[in-house]
$ cat work.tsv   # TSV, C-alpha atoms and all ligand atoms
chain	number	residue	atom	x	y	z
A	17	MET	CA	-50.50	183.62	-85.57
A	18	ILE	CA	-53.43	181.99	-83.79
A	19	THR	CA	-55.42	184.49	-81.77
A	20	VAL	CA	-57.43	183.58	-78.72
A	21	GLU	CA	-60.43	185.80	-77.98
A	22	SER	CA	-61.32	184.23	-74.67
A	23	GLY	CA	-59.36	186.32	-72.16
A	24	SER	CA	-57.07	183.40	-71.25
A	25	VAL	CA	-53.82	184.27	-69.52
A	26	LEU	CA	-50.52	182.37	-69.52
A	27	VAL	CA	-49.12	182.46	-65.99
A	28	VAL	CA	-45.48	181.40	-65.64
A	29	LEU	CA	-43.99	180.80	-62.20
A	30	SER	CA	-40.18	180.68	-62.23
A	31	GLY	CA	-37.61	180.12	-59.53
A	32	LEU	CA	-35.13	177.78	-57.89
A	33	PRO	CA	-36.15	174.35	-56.62
A	34	GLY	CA	-37.55	174.44	-53.09
A	35	VAL	CA	-38.78	178.04	-53.08
A	36	GLY	CA	-42.42	176.91	-53.05
A	37	LYS	CA	-43.28	177.20	-56.76
A	38	THR	CA	-45.13	173.94	-57.07
A	39	THR	CA	-47.30	174.51	-53.99
A	40	LEU	CA	-48.21	177.98	-55.23
A	41	ALA	CA	-48.75	176.84	-58.83
A	42	ARG	CA	-50.97	173.97	-57.69
A	43	GLU	CA	-53.18	176.23	-55.57
A	44	LEU	CA	-53.35	178.97	-58.19
A	45	ALA	CA	-54.24	176.45	-60.91
A	46	ARG	CA	-56.96	175.01	-58.68
A	47	SER	CA	-58.35	178.48	-58.00
A	48	LEU	CA	-58.36	179.35	-61.72
A	49	GLY	CA	-59.63	175.97	-62.92
A	50	ALA	CA	-56.50	175.88	-65.10
A	51	PRO	CA	-54.10	173.03	-65.79
A	52	HIS	CA	-50.93	173.05	-63.70
A	53	VAL	CA	-48.20	172.58	-66.29
A	54	ARG	CA	-45.24	171.32	-64.35
A	55	VAL	CA	-42.05	171.02	-66.34
A	56	ASP	CA	-40.29	168.71	-63.86
A	57	ALA	CA	-43.14	166.20	-64.30
A	58	PHE	CA	-42.35	166.00	-68.02
A	59	GLU	CA	-38.63	165.79	-67.35
A	60	THR	CA	-39.15	163.02	-64.79
A	61	ALA	CA	-41.41	161.05	-67.15
A	62	LEU	CA	-38.79	161.39	-69.89
A	63	GLY	CA	-36.05	160.25	-67.54
A	64	LEU	CA	-34.27	163.59	-67.87
A	65	ARG	CA	-32.20	165.14	-65.10
A	66	ALA	CA	-33.59	168.18	-63.28
A	67	THR	CA	-30.77	170.24	-64.75
A	68	SER	CA	-31.50	169.19	-68.34
A	69	ALA	CA	-32.72	172.60	-69.52
A	70	ARG	CA	-29.61	174.27	-68.14
A	71	ASP	CA	-27.55	171.57	-69.77
A	72	GLY	CA	-29.16	172.34	-73.12
A	73	ASP	CA	-31.95	169.74	-73.40
A	74	PRO	CA	-35.25	171.61	-73.63
A	75	THR	CA	-37.46	168.55	-74.31
A	76	GLY	CA	-39.42	168.89	-71.05
A	77	TYR	CA	-40.06	172.54	-71.85
A	78	ARG	CA	-41.18	171.69	-75.40
A	79	LEU	CA	-43.79	169.28	-74.10
A	80	ALA	CA	-44.95	171.82	-71.52
A	81	HIS	CA	-45.39	174.38	-74.33
A	82	VAL	CA	-47.67	172.00	-76.18
A	83	VAL	CA	-49.83	171.34	-73.12
A	84	ALA	CA	-50.01	175.02	-72.08
A	85	GLY	CA	-50.65	176.16	-75.66
A	86	ASP	CA	-53.43	173.63	-75.99
A	87	ALA	CA	-55.14	174.86	-72.81
A	88	LEU	CA	-54.88	178.49	-73.92
A	89	GLN	CA	-56.29	177.72	-77.33
A	90	SER	CA	-59.25	175.97	-75.76
A	91	GLY	CA	-60.01	179.17	-73.83
A	92	ARG	CA	-58.52	178.24	-70.47
A	93	HIS	CA	-55.74	179.85	-68.49
A	94	ALA	CA	-52.53	177.85	-68.02
A	95	VAL	CA	-50.27	177.91	-64.96
A	96	VAL	CA	-46.70	176.91	-65.79
A	97	ASP	CA	-44.34	175.83	-63.02
A	98	ALA	CA	-40.70	175.71	-64.12
A	99	VAL	CA	-37.25	176.70	-62.90
A	100	ASN	CA	-36.72	178.61	-66.17
A	101	PRO	CA	-33.02	178.88	-65.37
A	102	VAL	CA	-31.87	180.13	-68.74
A	103	ARG	CA	-32.92	183.06	-70.89
A	104	GLU	CA	-34.04	180.74	-73.72
A	105	ALA	CA	-36.56	179.08	-71.39
A	106	ARG	CA	-38.04	182.41	-70.30
A	107	ASP	CA	-38.08	183.77	-73.85
A	108	GLY	CA	-39.83	180.56	-74.91
A	109	TRP	CA	-42.88	181.39	-72.75
A	110	ARG	CA	-42.93	184.93	-74.12
A	111	ALA	CA	-42.90	183.55	-77.64
A	112	LEU	CA	-45.71	181.13	-76.81
A	113	ALA	CA	-47.88	183.90	-75.33
A	114	SER	CA	-47.33	186.06	-78.35
A	115	GLU	CA	-47.95	183.23	-80.78
A	116	VAL	CA	-51.24	182.28	-79.14
A	117	GLY	CA	-52.16	185.94	-78.64
A	118	VAL	CA	-52.70	185.91	-74.85
A	119	PRO	CA	-51.30	188.09	-72.06
A	120	LEU	CA	-48.38	186.67	-70.09
A	121	LEU	CA	-48.15	187.05	-66.32
A	122	GLU	CA	-44.57	186.36	-65.26
A	123	VAL	CA	-44.10	185.56	-61.58
A	124	ASP	CA	-40.72	185.07	-59.92
A	125	VAL	CA	-41.06	182.92	-56.83
A	126	VAL	CA	-38.31	183.48	-54.26
A	127	CYS	CA	-37.65	182.47	-50.66
A	128	SER	CA	-35.73	185.29	-48.96
A	129	ASP	CA	-34.98	183.21	-45.87
A	130	PRO	CA	-32.04	180.88	-46.71
A	131	GLU	CA	-32.63	178.68	-43.64
A	132	LEU	CA	-36.25	178.13	-44.60
A	133	HIS	CA	-35.24	177.47	-48.19
A	134	GLU	CA	-32.66	174.93	-47.10
A	135	ARG	CA	-35.14	173.19	-44.78
A	136	ARG	CA	-37.70	172.98	-47.58
A	137	VAL	CA	-35.17	171.46	-49.97
A	138	ARG	CA	-33.81	169.01	-47.39
A	139	GLU	CA	-37.27	167.91	-46.24
A	140	ARG	CA	-38.67	167.55	-49.73
A	141	THR	CA	-39.61	164.04	-50.82
A	142	ALA	CA	-40.33	162.86	-54.36
A	143	ASP	CA	-43.98	163.28	-55.31
A	144	LEU	CA	-43.68	161.88	-58.82
A	145	PRO	CA	-42.79	158.28	-59.63
A	146	GLY	CA	-39.10	158.07	-60.43
A	147	GLN	CA	-38.43	161.69	-59.47
A	148	VAL	CA	-34.98	162.56	-58.19
A	149	VAL	CA	-35.38	165.51	-55.84
A	150	PRO	CA	-32.60	168.10	-55.85
A	151	THR	CA	-30.22	168.26	-52.90
A	152	TRP	CA	-29.40	171.51	-51.09
A	153	GLU	CA	-25.87	171.27	-52.44
A	154	GLY	CA	-27.35	170.88	-55.93
A	155	VAL	CA	-29.50	173.99	-55.44
A	156	THR	CA	-26.73	176.15	-54.02
A	157	GLY	CA	-24.28	174.86	-56.62
A	158	ARG	CA	-26.45	176.30	-59.39
A	159	PRO	CA	-25.68	179.69	-60.89
A	160	ALA	CA	-27.73	182.41	-59.14
A	161	TRP	CA	-31.23	182.70	-60.59
A	162	ARG	CA	-31.69	186.10	-62.13
A	163	ARG	CA	-33.28	187.88	-65.03
A	164	ASP	CA	-31.19	189.79	-67.52
A	165	ALA	CA	-31.46	193.56	-67.26
A	166	ASP	CA	-33.33	193.78	-70.56
A	167	GLU	CA	-35.98	191.21	-69.65
A	168	PRO	CA	-39.51	192.31	-68.69
A	169	ALA	CA	-40.04	192.79	-64.95
A	170	ALA	CA	-42.05	190.15	-63.15
A	171	VAL	CA	-44.35	190.08	-60.15
A	172	VAL	CA	-42.26	188.75	-57.26
A	173	VAL	CA	-43.72	186.43	-54.62
A	174	ASP	CA	-41.53	185.89	-51.57
A	175	THR	CA	-42.76	182.68	-49.98
A	176	ALA	CA	-40.86	183.47	-46.77
A	177	THR	CA	-43.04	186.52	-46.11
A	178	THR	CA	-46.25	185.96	-48.07
A	179	ALA	CA	-48.91	183.50	-46.96
A	180	LEU	CA	-49.93	181.04	-49.66
A	181	ALA	CA	-53.60	182.07	-49.58
A	182	ARG	CA	-52.70	185.72	-49.97
A	183	ALA	CA	-50.36	185.06	-52.87
A	184	VAL	CA	-53.11	183.08	-54.61
A	185	VAL	CA	-55.67	185.88	-54.09
A	186	GLU	CA	-53.27	188.48	-55.41
A	187	LEU	CA	-52.20	186.54	-58.47
A	188	ARG	CA	-55.76	185.52	-59.18
A	189	ALA	CA	-56.82	189.16	-59.05
A	190	ARG	CA	-54.20	189.90	-61.71
A	191	VAL	CA	-55.48	187.13	-63.93
A	192	ASP	CA	-59.14	187.96	-63.40
A	193	ALA	CA	-58.69	191.62	-64.17
A	194	HIS	CA	-59.06	193.04	-67.60
A	195	PRO	CA	-56.09	191.69	-69.56
A	196	GLU	CA	-54.47	195.11	-69.63
A	197	GLN	CA	-53.99	194.87	-65.87
A	198	VAL	CA	-51.94	191.72	-66.20
A	199	ALA	CA	-48.96	193.42	-67.74
A	200	VAL	CA	-48.37	195.92	-64.91
A	201	PRO	CA	-44.72	195.36	-64.12
A	202	ALA	CA	-44.53	196.52	-60.51
A	203	SER	CA	-44.96	194.02	-57.76
A	204	LEU	CA	-48.45	193.91	-56.31
A	205	LEU	CA	-46.94	191.96	-53.48
A	206	ALA	CA	-44.81	194.73	-52.08
A	207	PRO	CA	-45.34	195.50	-48.40
A	208	HIS	CA	-48.43	197.58	-47.97
A	209	HIS	CA	-50.25	199.45	-45.30
A	210	ARG	CA	-53.79	198.82	-44.28
A	211	PHE	CA	-56.58	200.81	-42.81
A	212	GLY	CA	-56.73	199.78	-39.18
A	213	ALA	CA	-60.50	199.70	-39.14
A	214	TRP	CA	-62.39	199.82	-42.37
A	215	ALA	CA	-65.69	199.36	-40.65
A	216	VAL	CA	-67.52	202.61	-40.25
A	217	ARG	CA	-70.86	201.28	-39.12
A	218	GLY	CA	-69.54	198.14	-37.52
A	219	GLU	CA	-70.11	196.28	-40.78
A	220	PRO	CA	-66.76	195.00	-42.02
A	221	GLU	CA	-67.76	195.38	-45.63
A	222	VAL	CA	-68.51	199.11	-45.34
A	223	VAL	CA	-65.45	201.11	-46.34
A	224	LEU	CA	-66.76	204.68	-46.11
A	225	GLU	CA	-70.12	206.37	-45.72
A	226	THR	CA	-71.34	209.70	-47.04
A	227	GLU	CA	-74.59	211.59	-46.74
A	228	ARG	CA	-76.31	209.63	-49.52
A	229	LEU	CA	-73.97	206.74	-50.26
A	230	VAL	CA	-72.35	203.65	-48.82
A	231	LEU	CA	-68.95	202.72	-50.28
A	232	ARG	CA	-68.44	199.07	-49.59
A	233	ARG	CA	-66.76	195.82	-50.59
A	234	TRP	CA	-68.28	193.97	-53.53
A	235	ARG	CA	-71.06	191.37	-53.49
A	236	GLU	CA	-72.10	188.74	-56.04
A	237	ALA	CA	-75.33	190.69	-56.57
A	238	ASP	CA	-73.30	193.65	-57.90
A	239	LEU	CA	-71.98	191.69	-60.86
A	240	GLU	CA	-75.11	191.92	-62.96
A	241	PRO	CA	-75.73	195.69	-62.70
A	242	PHE	CA	-71.96	196.21	-63.00
A	243	ALA	CA	-71.90	194.24	-66.26
A	244	ALA	CA	-74.88	196.22	-67.61
A	245	MET	CA	-73.01	199.45	-66.79
A	246	ASN	CA	-69.78	198.27	-68.42
A	247	ALA	CA	-71.65	197.17	-71.55
A	248	ASP	CA	-73.14	200.67	-71.97
A	249	PRO	CA	-71.32	202.46	-74.83
A	250	GLU	CA	-72.07	205.86	-73.27
A	251	VAL	CA	-70.43	204.89	-69.96
A	252	MET	CA	-67.45	203.39	-71.80
A	253	GLU	CA	-67.12	206.17	-74.40
A	254	HIS	CA	-63.77	207.39	-73.13
A	255	PHE	CA	-62.09	204.01	-72.64
A	256	SER	CA	-60.07	202.82	-75.62
A	257	SER	CA	-61.07	199.22	-74.80
A	258	GLY	CA	-64.75	200.12	-75.37
A	259	PRO	CA	-67.73	198.33	-73.77
A	260	MET	CA	-66.80	195.23	-71.75
A	261	ASP	CA	-68.25	191.75	-71.96
A	262	ARG	CA	-69.57	189.94	-68.90
A	263	ALA	CA	-66.38	187.99	-68.21
A	264	ALA	CA	-64.19	191.11	-68.34
A	265	SER	CA	-66.67	192.99	-66.16
A	266	ASP	CA	-66.77	190.21	-63.52
A	267	GLY	CA	-62.97	190.11	-63.61
A	268	LEU	CA	-62.76	193.85	-63.00
A	269	ALA	CA	-65.14	193.58	-60.03
A	270	ARG	CA	-63.02	190.82	-58.49
A	271	TYR	CA	-59.89	192.87	-59.12
A	272	ALA	CA	-61.49	195.98	-57.59
A	273	ASP	CA	-62.39	194.04	-54.46
A	274	ALA	CA	-59.11	192.11	-54.24
A	275	CYS	CA	-57.27	195.46	-54.17
A	276	PHE	CA	-58.52	195.89	-50.60
A	277	GLU	CA	-56.75	192.68	-49.59
A	278	VAL	CA	-53.59	193.66	-51.43
A	279	HIS	CA	-53.21	197.39	-50.81
A	280	GLY	CA	-55.64	198.10	-48.00
A	281	PHE	CA	-57.56	200.36	-50.38
A	282	GLY	CA	-59.47	199.61	-53.51
A	283	LEU	CA	-62.28	200.54	-55.84
A	284	ALA	CA	-65.37	200.33	-53.65
A	285	ALA	CA	-68.84	199.46	-54.87
A	286	VAL	CA	-71.09	202.52	-54.57
A	287	GLU	CA	-74.55	201.91	-53.14
A	288	ARG	CA	-77.29	204.49	-52.68
A	289	THR	CA	-78.37	204.46	-49.03
A	290	ASP	CA	-82.03	205.31	-49.75
A	291	ASP	CA	-82.89	202.30	-51.87
A	292	GLY	CA	-79.76	200.10	-51.82
A	293	ALA	CA	-79.27	200.55	-55.59
A	294	PHE	CA	-75.84	199.67	-56.98
A	295	LEU	CA	-74.54	202.77	-58.76
A	296	GLY	CA	-70.98	201.87	-59.82
A	297	PHE	CA	-67.57	202.21	-58.21
A	298	CYS	CA	-65.33	204.86	-56.73
A	299	GLY	CA	-62.04	204.45	-54.95
A	300	PHE	CA	-58.30	204.17	-55.14
A	301	GLY	CA	-56.25	201.90	-57.32
A	302	ARG	CA	-52.82	201.72	-58.86
A	303	HIS	CA	-52.58	202.97	-62.38
A	304	ARG	CA	-51.44	200.34	-64.85
A	305	ARG	CA	-49.01	202.71	-66.51
A	306	ARG	CA	-47.78	204.30	-63.31
A	307	PRO	CA	-48.10	201.64	-60.63
A	308	GLU	CA	-46.09	203.76	-58.21
A	309	ALA	CA	-48.96	206.28	-58.12
A	310	VAL	CA	-52.28	205.89	-56.35
A	311	GLU	CA	-55.14	206.96	-58.55
A	312	VAL	CA	-58.66	207.99	-57.65
A	313	GLY	CA	-61.26	206.65	-60.07
A	314	TRP	CA	-65.01	206.66	-60.57
A	315	ARG	CA	-67.49	205.05	-62.91
A	316	LEU	CA	-71.22	205.28	-62.44
A	317	ALA	CA	-74.18	203.82	-64.32
A	318	ARG	CA	-75.77	206.31	-66.69
A	319	HIS	CA	-78.92	206.63	-64.53
A	320	ALA	CA	-76.74	207.83	-61.62
A	321	TRP	CA	-75.14	210.77	-63.46
A	322	GLY	CA	-76.22	214.32	-62.75
A	323	HIS	CA	-76.79	213.92	-58.98
A	324	GLY	CA	-73.36	214.74	-57.62
A	325	TYR	CA	-72.74	211.14	-56.49
A	326	ALA	CA	-69.26	210.83	-58.05
A	327	THR	CA	-68.12	214.05	-56.40
A	328	GLU	CA	-69.60	212.98	-53.05
A	329	ALA	CA	-67.88	209.56	-53.17
A	330	GLY	CA	-64.59	210.98	-54.47
A	331	ARG	CA	-64.54	213.60	-51.70
A	332	ALA	CA	-64.95	210.91	-49.02
A	333	TRP	CA	-61.99	209.01	-50.46
A	334	LEU	CA	-59.78	212.07	-50.69
A	335	GLU	CA	-60.63	213.01	-47.10
A	336	ALA	CA	-59.63	209.48	-46.04
A	337	ALA	CA	-56.33	209.58	-47.96
A	338	PRO	CA	-54.08	211.14	-45.28
A	339	GLY	CA	-55.41	208.61	-42.76
A	340	ILE	CA	-54.14	205.76	-44.90
A	341	GLY	CA	-50.80	207.41	-45.44
A	342	LEU	CA	-51.38	208.68	-48.95
A	343	GLU	CA	-49.75	212.04	-49.45
A	344	ARG	CA	-50.57	212.36	-53.10
A	345	VAL	CA	-53.43	210.97	-55.13
A	346	ALA	CA	-53.47	211.32	-58.89
A	347	CYS	CA	-56.23	211.21	-61.44
A	348	TYR	CA	-55.76	210.38	-65.12
A	349	VAL	CA	-58.55	211.55	-67.39
A	350	THR	CA	-58.93	211.44	-71.14
A	351	ALA	CA	-58.92	215.07	-72.25
A	352	THR	CA	-62.32	214.70	-73.95
A	353	ASN	CA	-63.98	213.28	-70.82
A	354	ARG	CA	-65.64	216.52	-69.81
A	355	ARG	CA	-67.76	215.02	-67.01
A	356	SER	CA	-64.85	213.27	-65.34
A	357	LEU	CA	-62.68	216.39	-65.58
A	358	ALA	CA	-65.50	218.36	-63.97
A	359	VAL	CA	-65.60	215.90	-61.04
A	360	ALA	CA	-61.81	216.17	-60.60
A	361	ARG	CA	-62.00	219.97	-60.59
A	362	ARG	CA	-64.92	220.01	-58.15
A	363	LEU	CA	-62.73	217.91	-55.85
A	364	GLY	CA	-59.96	220.50	-56.06
A	365	LEU	CA	-57.51	218.36	-58.03
A	366	VAL	CA	-55.06	220.42	-60.03
A	367	VAL	CA	-53.71	219.77	-63.50
A	368	GLU	CA	-50.10	218.54	-63.37
A	369	GLU	CA	-49.46	217.72	-66.98
A	370	GLU	CA	-51.03	216.87	-70.29
A	371	ASP	CA	-49.84	213.81	-72.11
A	372	VAL	CA	-50.75	211.46	-74.95
A	373	TRP	CA	-51.38	207.75	-74.24
A	374	ALA	CA	-52.26	205.26	-76.96
A	375	GLY	CA	-52.92	208.18	-79.29
A	376	GLN	CA	-55.36	209.84	-76.86
A	377	PRO	CA	-54.66	213.14	-75.08
A	378	VAL	CA	-54.76	212.61	-71.31
A	379	VAL	CA	-54.86	215.12	-68.45
A	380	VAL	CA	-52.98	214.19	-65.27
A	381	LEU	CA	-54.36	215.86	-62.16
A	382	SER	CA	-53.36	215.43	-58.54
A	383	THR	CA	-54.06	216.49	-54.99
A	384	ARG	CA	-50.59	217.98	-54.65
A	385	PRO	CA	-50.45	221.67	-55.57
A	401	LIG	C1	-67.44	210.62	-64.71
A	401	LIG	C2	-68.80	210.45	-64.07
A	401	LIG	C3	-68.68	209.58	-62.84
A	401	LIG	C4	-69.34	211.82	-63.72
A	401	LIG	O1	-70.67	211.75	-63.26
A	401	LIG	P1	-71.49	213.09	-62.99
A	401	LIG	O2	-72.83	212.70	-62.58
A	401	LIG	O3	-71.33	214.00	-64.15
A	401	LIG	O4	-70.68	213.75	-61.81
A	401	LIG	P2	-71.17	214.09	-60.36
A	401	LIG	O5	-71.63	212.86	-59.69
A	401	LIG	O6	-70.12	214.86	-59.68
A	401	LIG	O7	-72.45	214.99	-60.63
A	401	LIG	C5	-72.34	216.31	-61.07
A	401	LIG	C6	-73.61	216.69	-61.74
A	401	LIG	O8	-74.71	216.44	-60.85
A	401	LIG	C7	-75.43	217.67	-60.61
A	401	LIG	N1	-75.99	217.58	-59.26
A	401	LIG	C8	-77.28	217.33	-58.99
A	401	LIG	N2	-77.48	217.24	-57.68
A	401	LIG	C9	-76.29	217.47	-57.08
A	401	LIG	C10	-75.86	217.52	-55.75
A	401	LIG	N3	-76.71	217.30	-54.74
A	401	LIG	N4	-74.57	217.76	-55.51
A	401	LIG	C11	-73.70	217.97	-56.51
A	401	LIG	N5	-74.07	217.93	-57.81
A	401	LIG	C12	-75.34	217.69	-58.10
A	401	LIG	C13	-74.39	218.74	-60.85
A	401	LIG	O9	-74.99	219.97	-61.16
A	401	LIG	C14	-73.66	218.17	-62.07
A	401	LIG	O10	-74.49	218.27	-63.18
A	401	LIG	P3	-73.92	218.72	-64.64
A	401	LIG	O11	-72.89	217.74	-65.02
A	401	LIG	O12	-75.12	218.69	-65.47
A	401	LIG	O13	-73.32	220.06	-64.44
A	401	LIG	C15	-69.77	209.77	-65.07
A	401	LIG	O14	-69.94	210.59	-66.18
A	401	LIG	C16	-69.28	208.40	-65.53
A	401	LIG	O15	-69.42	207.40	-64.84
A	401	LIG	N6	-68.70	208.35	-66.75
A	401	LIG	C17	-68.26	207.12	-67.34
A	401	LIG	C18	-67.03	206.55	-66.68
A	401	LIG	C19	-65.85	207.49	-66.70
A	401	LIG	O16	-65.62	208.15	-67.70
A	401	LIG	N7	-65.12	207.49	-65.60
A	401	LIG	C20	-63.99	208.37	-65.43
A	401	LIG	C21	-62.77	207.84	-66.03
A	401	LIG	S1	-61.40	208.94	-65.77
$ encode --input "work.tsv" --output "structure tokens" --more "lines below"
Ligand SMILES: CC(C)(COP(=O)(O)OP(=O)(O)OC[C@H]1O[C@@H](n2cnc3c(N)ncnc32)[C@H](O)[C@@H]1OP(=O)(O)O)[C@@H](O)C(=O)NCCC(=O)NCCS
Amino acid sequence: MITVESGSVLVVLSGLPGVGKTTLARELARSLGAPHVRVDAFETALGLRATSARDGDPTGYRLAHVVAGDALQSGRHAVVDAVNPVREARDGWRALASEVGVPLLEVDVVCSDPELHERRVRERTADLPGQVVPTWEGVTGRPAWRRDADEPAAVVVDTATTALARAVVELRARVDAHPEQVAVPASLLAPHHRFGAWAVRGEPEVVLETERLVLRRWREADLEPFAAMNADPEVMEHFSSGPMDRAASDGLARYADACFEVHGFGLAAVERTDDGAFLGFCGFGRHRRRPEAVEVGWRLARHAWGHGYATEAGRAWLEAAPGIGLERVACYVTATNRRSLAVARRLGLVVEEEDVWAGQPVVVLSTRP
């Protein structure tokens, strides 16, 4: 097995012709600086029919594997765009990701509006030399596209209801995040609610304000102190992944901020009002193991401990929770993380259960009695 250490991610977009895969893949690849590995381009160049994979000729897919594998091994992400109509095709990408040692982000692209889908297929013109574009009859004559029950769940993008730019931001946030975030099976693209007005002081980037702190959206200038904090072994003592490198830290910051676009809440940057110092983050996110739950989280630079800042920021978030429709907020803390447990208790969270994750005892607390 060849292992890549670079944090590359294999992104695979699957779905029927005409759902908008290629447009999305092209934009996502551009945003990530990754090659757009388009299986129908290989099939067209080889003179194969668009249905060749379904008919048992995987040559186009084999070539795409080589190109995607090559990009991943040179430390880049790869964005694959393929119908992936049969189980073998989908399993092939899983095997490639595991062979190269990178996380796989599977995305099912659908168009829930049949009229729109039909119009897209009928209006589509060839954009590759020699390409034969599928007809609507050809698309509807195919077996329904679906995953088998035992296949991993994918993120679903419905191009009938999701703007292209938003889908790119959301998928990019997945890719940019620490690789562990990539594998979260629930759809980030589910309908969500938003805070009507985030602005507290009339500044759109301010999320909440407390006596001593401003909780706000992220800025480029935060990345450096954030990376220093995430590289500190004392700050990262209770995370099994250990201290983070700069790329992972920048990815986490982008993810934290993108959450606001996706969910309407996120992990806000914490700034001290007095001197504008960046202290860390505090806010709401979705837990990677329990994406149905909203979790409150905090992480502050070592110099900011011992002042009550985490409790102050966490309290502001919990007070805001009912206003954004959150009935229950959970908190997952490693049982040995005494300081974090103390914050949770000061905030009135109650222990719901004790569990063991990845060999570590974990305490689950929540706002619900
Ligand atoms: C978890 C973490 C945010 C807690 O920070 P913290 O400073 O201990 O927590 P608070 O901000 O609530 O501060 C409480 C401390 O400040 C003191 N304090 C000083 N002035 C205070 C004030 N005005 N109000 C309240 N407390 C004050 C309290 O007495 C308490 O001190 P103590 O811990 O010595 O008893 C911090 O340890 C951290 O970032 N850890 C690494 C990341 C992490 O583990 N995150 C949690 C993952 S689940």
$ axis_aligned_box --input "work.tsv" --around "ligand LIG 401 (chain A)" --padding-each-side "4 Å" --output "AutoDock Vina command-line options"
--center_x -69.4 --center_y 213.3 --center_z -61.2 --size_x 24.1 --size_y 21.5 --size_z 21.0
$ atom_distance --input "work.tsv" --atom1 "atom CA of Arg233 of chain A" --atom2 "atom CA of Ala274 of chain A"
9.3 Å
$ residues_near_ligand --input "work.tsv" --ligand "ligand LIG 401 (chain A)" --cutoff "9 Å" --atoms "only C-alpha atoms and all ligand atoms" --output "PyMOL selection string"
chain A and resi 245-246+250-255+296-298+312-330+347-350+353-360+362-363
$ closest_residue --input "work.tsv" --among "A:Val230, A:Ala142, A:Leu132, A:Leu29" --to "Arg106 of chain A" --atoms "all atoms listed in the file"
A:Leu29
$ closest_residue --input "work.tsv" --among "A:Val185, A:Ala336, A:Val310, A:Leu268" --to "Val223 of chain A" --atoms "all atoms listed in the file"
A:Ala336
$ residues_around --input "work.tsv" --residues "segment 156-167 of chain A" --least-positions-apart "6" --cutoff "9 Å" --atoms "all atoms listed in the file" --output "count of residues only"
9
$ residues_around --input "work.tsv" --residues "Pro377 of chain A" --least-positions-apart "4" --cutoff "8 Å" --atoms "only C-alpha atoms" --output "JSON, numbers by chain"
{"A": [350, 351, 352, 370, 371, 372, 373]}
$ residues_around --input "work.tsv" --residues "Val55 of chain A" --least-positions-apart "6" --cutoff "8 Å" --atoms "all atoms listed in the file" --output "count of residues only"
6
$ decode --input "work.tsv" --residues "segment 94-106 of chain A" --atoms "N, CA and C atoms" --output "short mmCIF file (atom, residue, chain, number, x, y, z; two decimals), in the first residue's frame"
data_model
loop_
_atom_site.label_atom_id
_atom_site.label_comp_id
_atom_site.auth_asym_id
_atom_site.auth_seq_id
_atom_site.Cartn_x
_atom_site.Cartn_y
_atom_site.Cartn_z
N ALA A 94 -8.25 15.05 -5.88
CA ALA A 94 -8.76 14.72 -7.22
C ALA A 94 -10.28 14.75 -7.16
N VAL A 95 -10.89 15.33 -8.19
CA VAL A 95 -12.36 15.38 -8.25
C VAL A 95 -12.81 14.52 -9.43
N VAL A 96 -13.43 13.40 -9.13
CA VAL A 96 -13.88 12.46 -10.16
C VAL A 96 -15.34 12.75 -10.49
N ASP A 97 -15.64 12.69 -11.77
CA ASP A 97 -17.00 12.98 -12.26
C ASP A 97 -17.39 11.77 -13.11
N ALA A 98 -18.31 10.96 -12.60
CA ALA A 98 -18.64 9.72 -13.31
C ALA A 98 -20.06 9.29 -12.96
N VAL A 99 -20.72 8.62 -13.88
CA VAL A 99 -22.07 8.13 -13.57
C VAL A 99 -22.00 7.08 -12.46
N ASN A 100 -20.96 6.28 -12.47
CA ASN A 100 -20.81 5.20 -11.48
C ASN A 100 -22.09 4.38 -11.34
N PRO A 101 -22.58 3.85 -12.47
CA PRO A 101 -23.90 3.22 -12.44
C PRO A 101 -23.92 1.86 -11.78
N VAL A 102 -22.76 1.22 -11.71
CA VAL A 102 -22.77 -0.15 -11.15
C VAL A 102 -21.91 -0.20 -9.89
N ARG A 103 -22.20 -1.15 -9.07
CA ARG A 103 -21.52 -1.31 -7.78
C ARG A 103 -20.00 -1.41 -7.97
N GLU A 104 -19.57 -2.15 -9.02
CA GLU A 104 -18.14 -2.33 -9.25
C GLU A 104 -17.45 -0.97 -9.44
N ALA A 105 -18.12 -0.06 -10.13
CA ALA A 105 -17.52 1.26 -10.39
C ALA A 105 -17.33 2.00 -9.06
N ARG A 106 -18.37 1.95 -8.22
CA ARG A 106 -18.29 2.68 -6.94
C ARG A 106 -17.28 2.02 -6.01
#
